[in-house]
>>> print(open('final_26.csv').read())   # CSV, C-alpha atoms and all ligand atoms
chain,number,residue,atom,x,y,z
U,169,MET,CA,-15.5,-4.3,7.3
U,170,GLY,CA,-18.3,-4.0,4.8
U,171,VAL,CA,-18.6,-3.7,1.0
U,172,MET,CA,-20.5,-1.5,-1.4
U,173,ILE,CA,-23.2,-2.8,-3.8
U,174,ASP,CA,-24.6,-0.4,-6.4
U,175,GLY,CA,-23.4,2.6,-4.4
U,176,ILE,CA,-24.9,1.4,-1.1
U,177,PHE,CA,-22.7,0.5,1.9
U,178,HIS,CA,-23.4,-2.8,3.6
U,179,ALA,CA,-21.5,-2.9,6.9
U,180,ASP,CA,-22.5,-6.4,7.8
U,181,ASP,CA,-21.4,-7.9,4.5
U,182,PRO,CA,-18.0,-9.5,4.6
U,183,GLY,CA,-17.8,-9.3,0.8
U,184,PRO,CA,-16.8,-12.1,-1.6
U,185,ASP,CA,-14.9,-15.0,-0.1
U,186,THR,CA,-11.3,-14.2,-0.6
U,187,THR,CA,-9.9,-17.6,0.4
U,188,GLN,CA,-9.7,-20.6,-1.8
U,189,GLY,CA,-8.4,-23.9,-0.4
U,190,GLY,CA,-7.2,-21.9,2.6
U,191,ALA,CA,-5.2,-19.5,0.5
U,192,PHE,CA,-5.9,-15.8,0.5
U,193,ARG,CA,-6.8,-14.1,-2.8
U,194,ARG,CA,-6.8,-10.3,-3.2
U,195,ALA,CA,-9.8,-8.8,-5.0
U,196,ALA,CA,-9.1,-6.7,-8.1
U,197,SER,CA,-9.4,-2.9,-8.0
U,198,THR,CA,-12.2,-1.7,-10.2
U,199,ILE,CA,-12.0,2.1,-10.8
U,200,ARG,CA,-9.1,2.6,-13.2
U,201,ASN,CA,-9.3,5.9,-15.0
U,202,TRP,CA,-6.1,7.5,-16.0
U,203,ILE,CA,-4.5,11.0,-15.7
U,204,THR,CA,-3.2,12.2,-19.1
U,205,PRO,CA,-2.6,15.6,-20.7
U,206,GLY,CA,-5.6,16.3,-22.9
U,207,GLY,CA,-7.7,13.5,-21.4
U,208,PRO,CA,-10.7,13.8,-19.1
U,209,PHE,CA,-8.3,13.8,-16.1
U,210,THR,CA,-5.5,16.2,-16.7
U,211,PRO,CA,-2.3,16.6,-14.7
U,212,ASP,CA,-3.2,19.9,-13.1
U,213,ALA,CA,-1.8,21.1,-9.8
U,214,GLY,CA,-4.3,21.1,-7.0
U,215,ARG,CA,-6.9,19.1,-8.9
U,216,TYR,CA,-6.6,15.8,-7.0
U,217,HIS,CA,-6.8,14.6,-3.4
U,218,LEU,CA,-5.6,11.2,-2.0
U,219,TYR,CA,-7.3,9.1,0.5
U,220,ALA,CA,-4.7,7.0,2.3
U,221,ALA,CA,-3.9,5.2,5.6
U,222,TRP,CA,-0.4,5.2,7.0
U,223,ASN,CA,-0.4,1.5,7.7
U,224,CYS,CA,-1.7,0.4,4.3
U,225,PRO,CA,1.3,-0.7,2.1
U,226,TRP,CA,-0.6,0.0,-1.1
U,227,ALA,CA,-1.4,3.5,0.0
U,228,HIS,CA,2.2,3.8,0.9
U,229,ARG,CA,3.2,3.4,-2.7
U,230,ALA,CA,1.1,6.5,-3.6
U,231,LEU,CA,2.6,8.4,-0.6
U,232,LEU,CA,6.1,7.5,-1.8
U,233,ALA,CA,5.4,8.6,-5.4
U,234,ARG,CA,4.0,11.9,-4.1
U,235,VAL,CA,7.1,12.8,-2.1
U,236,LEU,CA,9.7,11.4,-4.6
U,237,LEU,CA,8.0,13.3,-7.5
U,238,GLY,CA,7.8,16.5,-5.4
U,239,LEU,CA,4.0,16.7,-5.5
U,240,GLN,CA,3.4,17.5,-1.8
U,241,ASP,CA,2.0,20.9,-2.6
U,242,GLU,CA,-0.1,19.7,-5.5
U,243,LEU,CA,-1.7,16.6,-4.1
U,244,SER,CA,-3.5,16.9,-0.7
U,245,VAL,CA,-3.9,13.8,1.5
U,246,ALA,CA,-6.4,12.5,4.1
U,247,TYR,CA,-5.2,9.7,6.4
U,248,ALA,CA,-7.7,7.3,7.8
U,249,ARG,CA,-7.5,6.1,11.4
U,250,PRO,CA,-5.2,3.0,11.6
U,251,ARG,CA,-7.8,0.6,12.8
U,252,ARG,CA,-10.8,-0.1,10.7
U,253,THR,CA,-14.3,-0.4,12.3
U,254,GLU,CA,-17.6,-1.9,11.1
U,255,GLN,CA,-17.7,1.2,8.9
U,256,GLY,CA,-14.4,0.3,7.3
U,257,TRP,CA,-11.8,3.0,7.1
U,258,VAL,CA,-12.9,6.0,9.2
U,259,PHE,CA,-11.9,9.6,9.8
U,260,ASP,CA,-12.1,12.0,12.8
U,261,ALA,CA,-13.8,15.3,12.6
U,262,ASP,CA,-10.5,17.1,13.0
U,263,GLY,CA,-6.8,16.4,13.7
U,264,ALA,CA,-4.3,14.1,12.1
U,265,PHE,CA,-7.0,11.6,10.9
U,266,ALA,CA,-9.5,14.1,9.5
U,267,ASP,CA,-10.5,14.6,5.8
U,268,ALA,CA,-10.1,18.3,5.0
U,269,GLU,CA,-11.5,17.8,1.5
U,270,LEU,CA,-15.0,16.3,1.8
U,271,GLY,CA,-15.1,16.1,5.6
U,272,VAL,CA,-16.2,12.4,5.4
U,273,ALA,CA,-16.5,10.3,8.5
U,274,ALA,CA,-15.8,7.1,6.6
U,275,LEU,CA,-14.2,6.1,3.2
U,276,HIS,CA,-17.4,4.5,2.0
U,277,GLN,CA,-18.9,8.0,1.8
U,278,VAL,CA,-16.3,8.9,-0.8
U,279,TYR,CA,-17.1,5.8,-2.9
U,280,ALA,CA,-20.8,6.6,-2.5
U,281,ARG,CA,-20.3,9.8,-4.5
U,282,HIS,CA,-18.7,8.0,-7.5
U,283,SER,CA,-20.7,7.4,-10.6
U,284,PRO,CA,-21.6,5.0,-12.0
U,285,PRO,CA,-22.6,3.5,-8.6
U,286,TYR,CA,-19.7,1.5,-7.3
U,287,THR,CA,-19.8,-2.2,-6.4
U,288,GLY,CA,-16.8,-3.6,-4.6
U,289,ARG,CA,-14.4,-3.4,-1.7
U,290,LEU,CA,-13.8,-0.1,0.0
U,291,THR,CA,-10.0,0.1,-0.2
U,292,VAL,CA,-7.3,2.8,0.2
U,293,PRO,CA,-5.6,4.3,-1.7
U,294,VAL,CA,-8.3,6.4,-3.5
U,295,LEU,CA,-7.4,9.2,-5.9
U,296,TRP,CA,-10.2,11.7,-5.9
U,297,ASP,CA,-10.8,14.4,-8.6
U,298,ARG,CA,-12.2,17.6,-7.1
U,299,GLN,CA,-13.1,19.0,-10.5
U,300,THR,CA,-15.5,16.2,-11.5
U,301,ALA,CA,-16.2,15.0,-8.0
U,302,GLN,CA,-15.2,11.5,-9.1
U,303,ILE,CA,-12.8,8.8,-8.1
U,304,VAL,CA,-10.0,8.6,-10.7
U,305,SER,CA,-8.6,5.3,-9.5
U,306,ASN,CA,-8.4,2.9,-6.5
U,307,GLU,CA,-5.5,1.0,-7.9
U,308,SER,CA,-2.2,1.9,-6.3
U,309,ALA,CA,0.0,0.6,-9.1
U,310,ASP,CA,-1.9,2.9,-11.6
U,311,ILE,CA,-1.8,5.9,-9.2
U,312,VAL,CA,2.0,5.6,-8.9
U,313,ARG,CA,2.4,5.4,-12.6
U,314,MET,CA,0.0,8.2,-13.4
U,315,LEU,CA,1.5,10.6,-10.9
U,316,GLY,CA,4.5,10.5,-13.2
U,317,ALA,CA,2.3,12.4,-15.8
U,318,PHE,CA,2.8,15.6,-13.7
U,319,GLY,CA,6.3,15.6,-15.1
U,320,ARG,CA,8.0,16.4,-11.8
U,321,GLY,CA,11.0,14.7,-10.3
U,322,PRO,CA,13.0,11.8,-11.7
U,323,ALA,CA,11.2,9.3,-14.0
U,324,LEU,CA,10.4,6.3,-11.9
U,325,TYR,CA,9.5,4.2,-15.0
U,326,PRO,CA,12.0,5.1,-17.7
U,327,PRO,CA,11.1,3.4,-21.0
U,328,GLU,CA,14.6,1.8,-21.4
U,329,LEU,CA,14.1,0.0,-18.1
U,330,ALA,CA,10.4,-0.9,-18.5
U,331,GLY,CA,11.0,-4.6,-19.2
U,332,GLU,CA,13.2,-5.0,-16.2
U,333,ILE,CA,11.0,-3.0,-13.9
U,334,ASP,CA,7.9,-5.0,-15.0
U,335,ALA,CA,9.8,-8.3,-14.2
U,336,TRP,CA,10.7,-7.1,-10.7
U,337,ASN,CA,7.3,-5.7,-10.1
U,338,GLU,CA,5.7,-9.1,-10.9
U,339,LEU,CA,8.0,-11.0,-8.6
U,340,ILE,CA,7.7,-8.5,-5.8
U,341,TYR,CA,4.0,-8.1,-6.0
U,342,ARG,CA,3.3,-11.8,-6.0
U,343,SER,CA,5.9,-13.1,-3.6
U,344,VAL,CA,6.7,-10.1,-1.4
U,345,ASN,CA,4.0,-7.3,-1.2
U,346,ASN,CA,1.1,-9.8,-1.4
U,347,GLY,CA,3.2,-12.8,-0.3
U,348,VAL,CA,3.3,-11.6,3.3
U,349,TYR,CA,-0.5,-11.3,3.2
U,350,ARG,CA,-0.9,-14.8,1.8
U,351,ALA,CA,1.3,-16.0,4.7
U,352,GLY,CA,-0.5,-14.0,7.3
U,353,PHE,CA,-4.1,-14.7,6.1
U,354,ALA,CA,-3.5,-18.4,5.3
U,355,ARG,CA,-6.1,-20.7,6.8
U,356,THR,CA,-4.2,-24.0,6.4
U,357,GLN,CA,-0.7,-25.1,7.3
U,358,ASP,CA,0.0,-25.9,3.6
U,359,ALA,CA,-1.1,-22.5,2.4
U,360,TYR,CA,1.0,-20.8,5.0
U,361,ASP,CA,4.1,-23.0,4.3
U,362,ALA,CA,3.8,-22.3,0.6
U,363,ALA,CA,3.4,-18.6,1.0
U,364,VAL,CA,6.2,-18.1,3.6
U,365,THR,CA,8.6,-20.1,1.6
U,366,GLU,CA,7.9,-17.9,-1.4
U,367,VAL,CA,8.4,-14.7,0.6
U,368,PHE,CA,11.8,-15.7,1.7
U,369,ALA,CA,12.9,-17.2,-1.6
U,370,ALA,CA,12.0,-13.8,-3.2
U,371,LEU,CA,13.8,-11.8,-0.5
U,372,ASP,CA,16.9,-14.1,-1.0
U,373,ARG,CA,16.8,-13.3,-4.8
U,374,VAL,CA,16.6,-9.6,-4.0
U,375,GLU,CA,19.4,-9.9,-1.5
U,376,ALA,CA,21.6,-11.5,-4.2
U,377,GLN,CA,20.7,-8.8,-6.8
U,378,LEU,CA,21.6,-6.0,-4.3
U,379,GLY,CA,25.0,-7.7,-4.0
U,380,ARG,CA,25.6,-6.8,-7.6
U,381,THR,CA,23.7,-3.5,-8.1
U,382,ALA,CA,22.7,-0.6,-5.9
U,383,TRP,CA,19.1,-0.7,-7.0
U,384,LEU,CA,17.0,-3.5,-8.4
U,385,THR,CA,17.4,-2.6,-12.0
U,386,GLY,CA,21.0,-1.2,-11.8
U,387,ASP,CA,22.3,2.2,-10.8
U,388,ARG,CA,19.1,4.2,-10.5
U,389,PHE,CA,16.1,4.1,-8.2
U,390,THR,CA,12.9,3.1,-10.1
U,391,GLU,CA,9.3,2.2,-9.5
U,392,ALA,CA,10.4,-1.4,-8.7
U,393,ASP,CA,12.4,-0.1,-5.6
U,394,LEU,CA,9.4,2.1,-4.7
U,395,ARG,CA,7.1,-0.9,-4.7
U,396,LEU,CA,9.4,-3.0,-2.6
U,397,PHE,CA,9.9,-0.5,0.1
U,398,PRO,CA,6.5,-0.5,1.9
U,399,THR,CA,6.8,-4.2,2.6
U,400,LEU,CA,10.4,-3.7,3.9
U,401,ALA,CA,9.3,-0.9,6.2
U,402,ARG,CA,6.6,-3.1,7.8
U,403,PHE,CA,8.6,-6.3,7.8
U,404,ASP,CA,10.2,-6.5,11.2
U,405,VAL,CA,7.7,-4.5,13.1
U,406,ALA,CA,4.6,-6.2,11.7
U,407,TYR,CA,4.9,-9.0,9.2
U,408,HIS,CA,7.6,-10.9,11.2
U,409,TYR,CA,5.3,-11.5,14.1
U,410,ALA,CA,1.7,-10.6,13.0
U,411,PHE,CA,1.9,-12.5,9.7
U,412,LYS,CA,4.4,-15.2,10.9
U,413,CYS,CA,7.0,-14.2,8.3
U,414,ASN,CA,9.8,-15.1,10.7
U,415,ILE,CA,12.3,-17.3,8.9
U,416,ARG,CA,14.6,-14.2,8.8
U,417,ARG,CA,14.2,-10.6,9.8
U,418,LEU,CA,15.0,-7.7,7.4
U,419,VAL,CA,17.9,-6.7,9.6
U,420,ASP,CA,19.4,-10.2,9.0
U,421,TYR,CA,19.9,-9.4,5.3
U,422,PRO,CA,23.0,-7.2,5.0
U,423,ASN,CA,22.3,-5.9,1.5
U,424,LEU,CA,18.5,-5.5,1.8
U,425,TRP,CA,18.8,-3.8,5.2
U,426,ALA,CA,21.4,-1.3,3.9
U,427,TYR,CA,19.2,-0.7,0.8
U,428,ALA,CA,16.0,-0.2,2.9
U,429,ARG,CA,17.8,2.4,5.1
U,430,ARG,CA,19.2,4.1,2.0
U,431,ILE,CA,15.6,4.5,0.7
U,432,TYR,CA,14.4,5.6,4.1
U,433,ALA,CA,17.1,8.4,4.0
U,434,MET,CA,15.9,9.7,0.6
U,435,PRO,CA,14.3,13.2,1.0
U,436,GLY,CA,10.7,12.9,2.1
U,437,VAL,CA,10.6,9.1,2.5
U,438,ALA,CA,10.9,9.1,6.4
U,439,GLU,CA,7.8,11.3,6.6
U,440,THR,CA,5.8,8.6,4.8
U,441,VAL,CA,6.7,6.0,7.4
U,442,ARG,CA,4.9,5.5,10.8
U,443,PHE,CA,6.2,2.4,12.6
U,444,GLU,CA,3.9,2.8,15.6
U,445,ILE,CA,0.9,3.0,13.4
U,446,TYR,CA,2.0,-0.1,11.5
U,447,LYS,CA,1.9,-2.0,14.8
U,448,GLN,CA,-1.5,-0.6,15.8
U,449,GLY,CA,-2.9,-1.6,12.4
U,450,TYR,CA,-1.4,-5.0,12.0
U,451,PHE,CA,-2.2,-5.9,15.6
U,452,SER,CA,-5.8,-4.8,15.4
U,453,PRO,CA,-8.2,-7.2,17.1
U,454,SER,CA,-8.8,-10.1,14.8
U,455,GLU,CA,-10.7,-13.2,15.8
U,456,LEU,CA,-8.3,-15.4,13.8
U,457,ARG,CA,-4.9,-13.7,14.3
U,458,ASN,CA,-5.0,-11.4,17.4
U,459,PRO,CA,-8.3,-11.7,19.4
U,460,LEU,CA,-7.4,-9.2,22.1
U,461,GLY,CA,-5.8,-6.6,19.8
U,462,ILE,CA,-2.7,-6.2,22.1
U,463,VAL,CA,0.1,-4.4,20.4
U,464,PRO,CA,3.6,-5.7,21.2
U,465,ALA,CA,6.2,-3.3,22.5
U,466,GLY,CA,9.1,-4.2,20.2
U,467,PRO,CA,11.1,-4.6,18.2
U,468,LEU,CA,13.1,-1.4,18.5
U,469,ILE,CA,15.0,-0.8,15.3
U,470,ASP,CA,17.4,2.0,14.4
U,471,TRP,CA,16.7,3.0,10.8
U,472,SER,CA,19.4,5.6,10.5
U,473,LEU,CA,22.3,5.0,8.1
U,501,LIG,N1,-5.4,-3.3,-5.3
U,501,LIG,C1,-5.5,-2.4,-4.3
U,501,LIG,C2,-5.4,-3.0,-2.9
U,501,LIG,C3,-5.6,-2.0,-1.8
U,501,LIG,C4,-6.0,-2.7,-0.5
U,501,LIG,O1,-6.2,-3.9,-0.5
U,501,LIG,N2,-6.1,-1.9,0.6
U,501,LIG,C5,-6.5,-2.4,1.8
U,501,LIG,C6,-5.7,-1.8,3.0
U,501,LIG,S1,-4.0,-2.3,3.1
U,501,LIG,C7,-7.9,-2.0,2.1
U,501,LIG,O2,-8.3,-0.9,2.0
U,501,LIG,N3,-8.8,-3.0,2.4
U,501,LIG,C8,-10.1,-2.8,2.8
U,501,LIG,C9,-11.0,-3.9,2.4
U,501,LIG,O3,-10.6,-4.8,1.6
U,501,LIG,O4,-12.2,-3.9,2.9
U,501,LIG,C10,-4.3,-1.4,-4.5
U,501,LIG,O5,-3.2,-1.8,-4.6
U,501,LIG,O6,-4.6,-0.2,-4.6
>>> encode(input="final_26.csv", output="structure tokens")
Amino acid sequence: MGVMIDGIFHADDPGPDTTQGGAFRRAASTIRNWITPGGPFTPDAGRYHLYAAWNCPWAHRALLARVLLGLQDELSVAYARPRRTEQGWVFDADGAFADAELGVAALHQVYARHSPPYTGRLTVPVLWDRQTAQIVSNESADIVRMLGAFGRGPALYPPELAGEIDAWNELIYRSVNNGVYRAGFARTQDAYDAAVTEVFAALDRVEAQLGRTAWLTGDRFTEADLRLFPTLARFDVAYHYAFKCNIRRLVDYPNLWAYARRIYAMPGVAETVRFEIYKQGYFSPSELRNPLGIVPAGPLIDWSL
């Protein structure tokens, strides 16, 4: 899928080894500027553009923050094609997978414009600043948090809940959001066993919590719920089969399943979800996981309340 070294794209370079003892390790994001009033990146309407992919759960966080904070008119988005190529994430010249901002054919062309010259993986989401022609951030957790600086919509990270949100975020990132990847990309039975056990232990904990409270931290929806949702939306159509996270399905958890559908019914959320694209993406041809790239027909799930 390629990497960038000192601003130059290398299509044939698989990048640093992300496995250790058969266990998958996610590389850290490296461009982490911040939007703040009075800072070099100010929260001005129309200043920023988001590079996303419908199937990427990290990009999904940013798409959710955008709709839940009511920033659709202020933050434009370009969606990459669901399947990466040897050029990494790519765009069409026009249509639903085109980039109306810079008109790039591949995401690496956006990273190539960044200064200082970028070295690292070429990931979505990317928050692009049209004023300075720079990348503000390629870290989804930061993008979600800094979109709050626009002062629109409900606070997703209220200070009085910060401690609780942080604790849920930590568990959910490690054991759920990234846990499914550690199960799916494991290269040994032991690494898979450990990861899949952790995924379901965490989901069991969330299920118990949702028996007590409507949302993870109590009676209001927060960033912790936002960050759990992308994994839930992909769980039964993708992770259950493609990543072998099949001890239980989402629909087998009464509280979690009702909660996931409640989030799906929130204004704007359904428009951030593309189940068919999740299947295309997660069932892309992969020598290790799905050599022929055949996309399964099911499951057919009714997400309505
Ligand atoms: N830490 C990043 C991770 C983003 C990420 O890993 N995105 C994946 C797609 S789901 C990607 O673009 N991978 C391309 C690559 O690693 O070459 C974030 O949360 O923003």
>>> atom_distance(input="final_26.csv", atom1="atom CA of Ser454 of chain U", atom2="atom CA of Gly352 of chain U")
11.8 Å
>>> residues_around(input="final_26.csv", residues="Ala230 of chain U", least_positions_apart="2", cutoff="7 Å", atoms="all atoms listed in the file", output="list in words")
Ala227, His228, Leu232, Ala233, Arg234, Ser308, Ile311 and Val312 of chain U
>>> residues_around(input="final_26.csv", residues="Asn346 of chain U", least_positions_apart="2", cutoff="10 Å", atoms="all atoms listed in the file", output="JSON, numbers by chain")
{"U": [192, 193, 194, 225, 226, 340, 341, 342, 343, 344, 348, 349, 350, 351, 352, 363, 367, 399]}
>>> closest_residue(input="final_26.csv", among="U:Arg289, U:Arg416, U:Arg252, U:Arg281", to="ligand LIG 501 (chain U)", atoms="only C-alpha atoms and all ligand atoms")
U:Arg289
>>> residues_near_ligand(input="final_26.csv", ligand="ligand LIG 501 (chain U)", cutoff="6 Å", atoms="all atoms listed in the file", output="PyMOL selection string")
chain U and resi 169+196-197+224-226+289-293+306-308
>>> residues_around(input="final_26.csv", residues="Pro464 of chain U", least_positions_apart="3", cutoff="10 Å", atoms="all atoms listed in the file", output="PDB file with C-alpha atoms, in the coordinates of the input")
ATOM      1  CA  VAL U 405       7.700  -4.500  13.100  1.00  0.00           C
ATOM      2  CA  ALA U 406       4.600  -6.200  11.700  1.00  0.00           C
ATOM      3  CA  TYR U 409       5.300 -11.500  14.100  1.00  0.00           C
ATOM      4  CA  ALA U 410       1.700 -10.600  13.000  1.00  0.00           C
ATOM      5  CA  LYS U 447       1.900  -2.000  14.800  1.00  0.00           C
ATOM      6  CA  GLN U 448      -1.500  -0.600  15.800  1.00  0.00           C
ATOM      7  CA  PHE U 451      -2.200  -5.900  15.600  1.00  0.00           C
ATOM      8  CA  GLY U 461      -5.800  -6.600  19.800  1.00  0.00           C
ATOM      9  CA  PRO U 467      11.100  -4.600  18.200  1.00  0.00           C
TER      10      PRO U 467
END
>>> closest_residue(input="final_26.csv", among="U:Tyr325, U:Trp222, U:Tyr432, U:Trp202", to="Pro250 of chain U", atoms="all atoms listed in the file")
U:Trp222
>>> atom_distance(input="final_26.csv", atom1="atom CA of Gln377 of chain U", atom2="atom CA of Val364 of chain U")
20.1 Å
>>> atom_distance(input="final_26.csv", atom1="atom CA of Ala268 of chain U", atom2="atom CA of Gly238 of chain U")
20.8 Å
>>> residues_around(input="final_26.csv", residues="Arg298 of chain U", least_positions_apart="3", cutoff="6 Å", atoms="all atoms listed in the file", output="PyMOL selection string")
chain U and resi 215-216+301
>>> write_last_selection(input="final_26.csv", atoms="C-alpha atoms", output="short mmCIF file (atom, residue, chain, number, x, y, z; two decimals), in the frame of the given file")
data_model
loop_
_atom_site.label_atom_id
_atom_site.label_comp_id
_atom_site.auth_asym_id
_atom_site.auth_seq_id
_atom_site.Cartn_x
_atom_site.Cartn_y
_atom_site.Cartn_z
CA ARG U 215 -6.90 19.10 -8.90
CA TYR U 216 -6.60 15.80 -7.00
CA ALA U 301 -16.20 15.00 -8.00
#
>>> residues_around(input="final_26.csv", residues="segment 246-249 of chain U", least_positions_apart="4", cutoff="9 Å", atoms="all atoms listed in the file", output="list in words")
His217, Leu218, Tyr219, Ala220, Ala221, Trp222, Trp257, Val258, Phe259, Asp260, Ala264, Phe265, Ala266, Asp267, Ala268, Glu269, Ala274, Leu275 and Val292 of chain U
>>> decode(input="final_26.csv", residues="segment 308-330 of chain U", atoms="N, CA and C atoms", output="compact mmCIF listing (two decimals), in the first residue's frame")
# COMPACT_ATOMS: atom_id res chain seq x y z
N SER U 308 -7.35 10.69 14.18
CA SER U 308 -8.81 10.82 14.28
C SER U 308 -9.27 11.25 15.68
N ALA U 309 -8.60 10.77 16.72
CA ALA U 309 -9.02 11.14 18.08
C ALA U 309 -8.89 12.65 18.28
N ASP U 310 -7.79 13.21 17.76
CA ASP U 310 -7.57 14.66 17.86
C ASP U 310 -8.59 15.42 17.01
N ILE U 311 -8.86 14.90 15.81
CA ILE U 311 -9.79 15.60 14.91
C ILE U 311 -11.17 15.69 15.56
N VAL U 312 -11.63 14.60 16.16
CA VAL U 312 -12.93 14.61 16.84
C VAL U 312 -12.94 15.68 17.93
N ARG U 313 -11.91 15.69 18.73
CA ARG U 313 -11.83 16.61 19.87
C ARG U 313 -11.78 18.06 19.37
N MET U 314 -10.96 18.31 18.33
CA MET U 314 -10.77 19.71 17.92
C MET U 314 -11.96 20.25 17.13
N LEU U 315 -12.78 19.37 16.55
CA LEU U 315 -13.99 19.87 15.88
C LEU U 315 -14.94 20.48 16.91
N GLY U 316 -14.78 20.06 18.16
CA GLY U 316 -15.55 20.68 19.25
C GLY U 316 -15.25 22.16 19.40
N ALA U 317 -14.06 22.61 18.93
CA ALA U 317 -13.66 24.02 19.06
C ALA U 317 -14.55 24.94 18.22
N PHE U 318 -15.31 24.38 17.27
CA PHE U 318 -16.20 25.21 16.47
C PHE U 318 -17.41 25.68 17.29
N GLY U 319 -17.56 25.08 18.48
CA GLY U 319 -18.59 25.54 19.39
C GLY U 319 -20.01 25.28 18.93
N ARG U 320 -20.17 24.32 18.08
CA ARG U 320 -21.49 23.96 17.60
C ARG U 320 -21.96 22.70 18.30
N GLY U 321 -23.27 22.52 18.37
CA GLY U 321 -23.83 21.25 18.81
C GLY U 321 -23.51 20.97 20.27
N PRO U 322 -23.85 19.77 20.72
CA PRO U 322 -23.66 19.40 22.13
C PRO U 322 -22.18 19.15 22.40
N ALA U 323 -21.71 19.45 23.62
CA ALA U 323 -20.32 19.15 23.96
C ALA U 323 -20.18 17.63 24.03
N LEU U 324 -19.24 17.08 23.29
CA LEU U 324 -19.04 15.63 23.29
C LEU U 324 -18.05 15.22 24.37
N TYR U 325 -17.34 16.22 24.91
CA TYR U 325 -16.32 15.93 25.93
C TYR U 325 -16.46 16.93 27.07
N PRO U 326 -17.61 16.89 27.78
CA PRO U 326 -17.81 17.86 28.86
C PRO U 326 -16.79 17.62 29.98
N PRO U 327 -16.21 18.71 30.51
CA PRO U 327 -15.12 18.57 31.51
C PRO U 327 -15.51 17.69 32.69
N GLU U 328 -16.78 17.77 33.13
CA GLU U 328 -17.15 16.99 34.32
C GLU U 328 -17.17 15.48 34.06
N LEU U 329 -17.18 15.10 32.77
CA LEU U 329 -17.18 13.67 32.46
C LEU U 329 -15.84 13.20 31.88
N ALA U 330 -14.87 14.13 31.83
CA ALA U 330 -13.62 13.82 31.13
C ALA U 330 -12.96 12.54 31.64
